[in-house]
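Q: Sharing a structure with you now.
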Amino acid sequence: MAGNRHYDSGGGGRASACSDPRHDEAVLRAEVKRLVHALAPYGVLQRDVLRREAGARNWHEPGFDRALDAAVKHGQIEALPLGFYGLRHGRRSRR
(Lines give C-alpha, C1' and ligand atoms only; values in the text may rest on other atoms or scores of the structure.)
Protein backbone atom coordinates (compact mmCIF):
# COMPACT_ATOMS: atom_id res chain seq x y z
CA MET A 1 0.00 0.00 0.00
CA ALA A 2 1.27 3.37 -0.87
CA GLY A 3 1.96 6.03 1.68
CA ASN A 4 -0.82 7.63 3.64
CA ARG A 5 -3.90 6.62 1.67
CA HIS A 6 -7.13 7.28 3.47
CA TYR A 7 -9.38 4.23 3.37
CA ASP A 8 -12.72 5.77 4.14
CA SER A 9 -15.10 3.65 2.07
CA GLY A 10 -17.62 6.45 1.98
CA GLY A 11 -20.37 4.21 3.30
CA GLY A 12 -21.51 4.12 6.87
CA GLY A 13 -18.79 2.03 8.44
CA ARG A 14 -18.93 0.40 11.79
CA ALA A 15 -17.68 3.52 13.54
CA SER A 16 -19.69 4.55 16.54
CA ALA A 17 -19.75 7.73 18.58
CA CYS A 18 -17.20 6.30 21.00
CA SER A 19 -14.86 4.63 18.49
CA ASP A 20 -11.49 5.99 17.46
CA PRO A 21 -11.43 6.89 13.75
CA ARG A 22 -7.68 6.18 13.60
CA HIS A 23 -8.27 2.68 14.92
CA ASP A 24 -11.11 2.08 12.47
CA GLU A 25 -8.90 3.23 9.59
CA ALA A 26 -6.02 0.99 10.75
CA VAL A 27 -8.38 -2.00 10.91
CA LEU A 28 -9.69 -1.21 7.43
CA ARG A 29 -6.13 -0.96 6.04
CA ALA A 30 -5.25 -4.32 7.58
CA GLU A 31 -8.38 -5.92 6.12
CA VAL A 32 -7.63 -4.50 2.65
CA LYS A 33 -4.10 -5.86 2.93
CA ARG A 34 -5.45 -9.31 3.82
CA LEU A 35 -7.70 -9.26 0.75
CA VAL A 36 -4.79 -8.33 -1.51
CA HIS A 37 -2.60 -11.06 0.01
CA ALA A 38 -5.40 -13.61 -0.36
CA LEU A 39 -5.69 -12.77 -4.07
CA ALA A 40 -1.94 -12.79 -4.73
CA PRO A 41 -1.46 -16.53 -5.35
CA TYR A 42 -4.51 -16.77 -7.60
CA GLY A 43 -4.86 -13.41 -9.33
CA VAL A 44 -8.66 -13.77 -9.58
CA LEU A 45 -11.20 -15.21 -7.13
CA GLN A 46 -14.96 -15.31 -6.81
CA ARG A 47 -16.30 -13.11 -4.00
CA ASP A 48 -17.18 -15.95 -1.58
CA VAL A 49 -13.87 -17.70 -2.21
CA LEU A 50 -12.02 -14.43 -1.58
CA ARG A 51 -13.93 -14.06 1.70
CA ARG A 52 -12.88 -17.57 2.72
CA GLU A 53 -9.25 -17.24 1.62
CA ALA A 54 -8.86 -13.95 3.50
CA GLY A 55 -10.39 -15.43 6.64
CA ALA A 56 -13.06 -12.72 6.50
CA ARG A 57 -15.84 -14.95 7.78
CA ASN A 58 -14.43 -14.21 11.24
CA TRP A 59 -14.32 -10.43 10.77
CA HIS A 60 -16.87 -8.12 12.35
CA GLU A 61 -19.68 -7.11 10.04
CA PRO A 62 -19.50 -5.26 7.66
CA GLY A 63 -15.70 -5.69 7.56
CA PHE A 64 -15.42 -7.73 4.39
CA ASP A 65 -17.77 -5.58 2.33
CA ARG A 66 -16.20 -2.38 3.61
CA ALA A 67 -12.65 -3.60 2.92
CA LEU A 68 -13.53 -4.90 -0.53
CA ASP A 69 -15.24 -1.62 -1.43
CA ALA A 70 -12.20 0.34 -0.23
CA ALA A 71 -9.76 -1.90 -2.12
CA VAL A 72 -11.75 -1.44 -5.33
CA LYS A 73 -12.16 2.30 -4.78
CA HIS A 74 -8.42 2.78 -4.24
CA GLY A 75 -7.42 0.61 -7.20
CA GLN A 76 -5.83 -2.31 -5.40
CA ILE A 77 -8.48 -4.83 -6.43
CA GLU A 78 -10.53 -4.81 -9.60
CA ALA A 79 -14.21 -5.78 -9.69
CA LEU A 80 -14.73 -8.19 -12.57
CA PRO A 81 -17.92 -9.57 -14.15
CA LEU A 82 -19.97 -12.33 -12.52
CA GLY A 83 -18.87 -11.61 -8.95
CA PHE A 84 -15.14 -12.12 -9.46
CA TYR A 85 -12.36 -9.90 -8.15
CA GLY A 86 -8.77 -9.66 -9.28
CA LEU A 87 -5.57 -7.85 -8.56
CA ARG A 88 -5.06 -4.74 -10.62
CA HIS A 89 -2.61 -5.17 -13.50
CA GLY A 90 0.98 -4.89 -12.33
CA ARG A 91 0.29 -5.95 -8.74
CA ARG A 92 0.59 -9.69 -9.43
CA SER A 93 4.17 -9.42 -10.66
CA ARG A 94 5.31 -7.98 -7.31
CA ARG A 95 4.39 -11.10 -5.35
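Letters A, B, ... mark the chains of the C-alpha coordinates in the order given; residue numbers begin at 1 per chain; ligand numbers begin at 1, in order shown.
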Would you mind listing what lies within 12 Å of stretch 48-63 of chain A as number ranges by chain, with only C-alpha atoms counted and same-chain residues fewer than 5 positions away left out?
A: A: 9, 11-15, 24-25, 27-43, 68-71, 77, 82-87
Q: Write the residues of the preceding selection, restricted to N, CA, C and O atoms, as a tab-separated table (two decimals), in the first residue's frame.
A:
```
chain	number	residue	atom	x	y	z
A	9	SER	N	-14.35	4.25	3.17
A	9	SER	CA	-15.10	3.65	2.07
A	9	SER	C	-16.26	4.51	1.63
A	9	SER	O	-16.93	4.20	0.66
A	11	GLY	N	-19.12	4.73	2.77
A	11	GLY	CA	-20.37	4.21	3.30
A	11	GLY	C	-20.35	4.30	4.81
A	11	GLY	O	-19.32	4.55	5.42
A	12	GLY	N	-21.47	4.11	5.42
A	12	GLY	CA	-21.51	4.12	6.87
A	12	GLY	C	-20.77	2.92	7.41
A	12	GLY	O	-21.25	1.82	7.32
A	13	GLY	N	-19.59	3.12	7.91
A	13	GLY	CA	-18.79	2.03	8.44
A	13	GLY	C	-19.29	1.59	9.78
A	13	GLY	O	-20.39	1.89	10.19
A	14	ARG	N	-18.49	0.88	10.49
A	14	ARG	CA	-18.93	0.40	11.79
A	14	ARG	C	-18.54	1.35	12.90
A	14	ARG	O	-18.61	1.01	14.06
A	15	ALA	N	-18.08	2.54	12.54
A	15	ALA	CA	-17.68	3.52	13.54
A	15	ALA	C	-18.88	3.92	14.38
A	15	ALA	O	-19.98	4.09	13.90
A	24	ASP	N	-10.26	2.61	13.53
A	24	ASP	CA	-11.11	2.08	12.47
A	24	ASP	C	-10.38	2.08	11.13
A	24	ASP	O	-10.48	1.13	10.36
A	25	GLU	N	-9.64	3.15	10.84
A	25	GLU	CA	-8.90	3.23	9.59
A	25	GLU	C	-7.77	2.20	9.55
A	25	GLU	O	-7.52	1.57	8.53
A	27	VAL	N	-7.74	-0.69	11.11
A	27	VAL	CA	-8.38	-2.00	10.91
A	27	VAL	C	-8.74	-2.16	9.44
A	27	VAL	O	-8.49	-3.21	8.84
A	28	LEU	N	-9.31	-1.14	8.84
A	28	LEU	CA	-9.69	-1.21	7.43
A	28	LEU	C	-8.46	-1.45	6.55
A	28	LEU	O	-8.49	-2.28	5.64
A	29	ARG	N	-7.37	-0.74	6.82
A	29	ARG	CA	-6.13	-0.96	6.04
A	29	ARG	C	-5.65	-2.39	6.16
A	29	ARG	O	-5.23	-3.00	5.18
A	30	ALA	N	-5.70	-2.93	7.37
A	30	ALA	CA	-5.25	-4.32	7.58
A	30	ALA	C	-6.15	-5.29	6.83
A	30	ALA	O	-5.67	-6.27	6.24
A	31	GLU	N	-7.45	-5.03	6.82
A	31	GLU	CA	-8.38	-5.92	6.12
A	31	GLU	C	-8.16	-5.84	4.60
A	31	GLU	O	-8.18	-6.88	3.92
A	32	VAL	N	-7.93	-4.64	4.09
A	32	VAL	CA	-7.63	-4.50	2.65
A	32	VAL	C	-6.36	-5.27	2.31
A	32	VAL	O	-6.31	-6.00	1.31
A	33	LYS	N	-5.37	-5.15	3.15
A	33	LYS	CA	-4.10	-5.86	2.93
A	33	LYS	C	-4.31	-7.37	2.91
A	33	LYS	O	-3.75	-8.09	2.07
A	34	ARG	N	-5.16	-7.87	3.79
A	34	ARG	CA	-5.45	-9.31	3.82
A	34	ARG	C	-6.14	-9.76	2.54
A	34	ARG	O	-5.87	-10.85	2.03
A	35	LEU	N	-7.03	-8.92	2.01
A	35	LEU	CA	-7.70	-9.26	0.75
A	35	LEU	C	-6.69	-9.32	-0.40
A	35	LEU	O	-6.71	-10.26	-1.20
A	36	VAL	N	-5.80	-8.35	-0.46
A	36	VAL	CA	-4.79	-8.33	-1.51
A	36	VAL	C	-3.88	-9.56	-1.40
A	36	VAL	O	-3.58	-10.22	-2.39
A	37	HIS	N	-3.47	-9.89	-0.19
A	37	HIS	CA	-2.60	-11.06	0.01
A	37	HIS	C	-3.33	-12.36	-0.32
A	37	HIS	O	-2.73	-13.30	-0.84
A	38	ALA	N	-4.62	-12.41	-0.03
A	38	ALA	CA	-5.40	-13.61	-0.36
A	38	ALA	C	-5.52	-13.79	-1.87
A	38	ALA	O	-5.52	-14.92	-2.37
A	39	LEU	N	-5.59	-12.70	-2.61
A	39	LEU	CA	-5.69	-12.77	-4.07
A	39	LEU	C	-4.35	-13.07	-4.74
A	39	LEU	O	-4.33	-13.61	-5.84
A	40	ALA	N	-3.26	-12.72	-4.10
A	40	ALA	CA	-1.94	-12.79	-4.73
A	40	ALA	C	-1.61	-14.13	-5.37
A	40	ALA	O	-1.15	-14.17	-6.51
A	41	PRO	N	-1.84	-15.26	-4.71
A	41	PRO	CA	-1.46	-16.53	-5.35
A	41	PRO	C	-2.34	-16.91	-6.53
A	41	PRO	O	-1.94	-17.72	-7.36
A	42	TYR	N	-3.53	-16.35	-6.61
A	42	TYR	CA	-4.51	-16.77	-7.60
A	42	TYR	C	-4.72	-15.74	-8.71
A	42	TYR	O	-5.02	-16.11	-9.84
A	43	GLY	N	-4.62	-14.47	-8.37
A	43	GLY	CA	-4.86	-13.41	-9.33
A	43	GLY	C	-6.32	-13.02	-9.42
A	43	GLY	O	-6.65	-11.85	-9.42
A	68	LEU	N	-13.51	-4.64	0.91
A	68	LEU	CA	-13.53	-4.90	-0.53
A	68	LEU	C	-13.89	-3.63	-1.28
A	68	LEU	O	-13.26	-3.30	-2.29
A	69	ASP	N	-14.87	-2.90	-0.80
A	69	ASP	CA	-15.24	-1.62	-1.43
A	69	ASP	C	-14.06	-0.65	-1.43
A	69	ASP	O	-13.79	0.01	-2.44
A	70	ALA	N	-13.35	-0.56	-0.32
A	70	ALA	CA	-12.20	0.34	-0.23
A	70	ALA	C	-11.08	-0.09	-1.17
A	70	ALA	O	-10.46	0.75	-1.82
A	71	ALA	N	-10.82	-1.40	-1.24
A	71	ALA	CA	-9.76	-1.90	-2.12
A	71	ALA	C	-10.07	-1.61	-3.58
A	71	ALA	O	-9.18	-1.27	-4.36
A	77	ILE	N	-7.75	-3.66	-5.94
A	77	ILE	CA	-8.48	-4.83	-6.43
A	77	ILE	C	-9.46	-4.34	-7.48
A	77	ILE	O	-10.03	-3.25	-7.36
A	82	LEU	N	-19.47	-11.09	-13.13
A	82	LEU	CA	-19.97	-12.33	-12.52
A	82	LEU	C	-19.50	-12.55	-11.10
A	82	LEU	O	-19.37	-13.69	-10.64
A	83	GLY	N	-19.23	-11.49	-10.35
A	83	GLY	CA	-18.87	-11.61	-8.95
A	83	GLY	C	-17.43	-12.02	-8.68
A	83	GLY	O	-17.12	-12.51	-7.60
A	84	PHE	N	-16.55	-11.81	-9.64
A	84	PHE	CA	-15.14	-12.12	-9.46
A	84	PHE	C	-14.37	-10.84	-9.17
A	84	PHE	O	-14.77	-9.75	-9.56
A	85	TYR	N	-13.24	-11.01	-8.48
A	85	TYR	CA	-12.36	-9.90	-8.15
A	85	TYR	C	-10.93	-10.31	-8.45
A	85	TYR	O	-10.56	-11.47	-8.26
A	86	GLY	N	-10.15	-9.37	-8.93
A	86	GLY	CA	-8.77	-9.66	-9.28
A	86	GLY	C	-7.84	-8.55	-8.87
A	86	GLY	O	-8.27	-7.43	-8.61
A	87	LEU	N	-6.57	-8.88	-8.82
A	87	LEU	CA	-5.57	-7.85	-8.56
A	87	LEU	C	-5.46	-6.94	-9.77
A	87	LEU	O	-5.59	-7.40	-10.90
```
Q: Between A:Pro21, A:Ala26, A:Arg47, A:Pro81, single out the one closest to A:Asp65, counting only C-alpha atoms.
A: A:Arg47
Q: Can you check which residues of stretch 5-91 of chain A DSSP gives as strand (DSSP E or B) on the backbone and send them as a ChimeraX atom specification?
A: /A:44-46,77-80,84-87
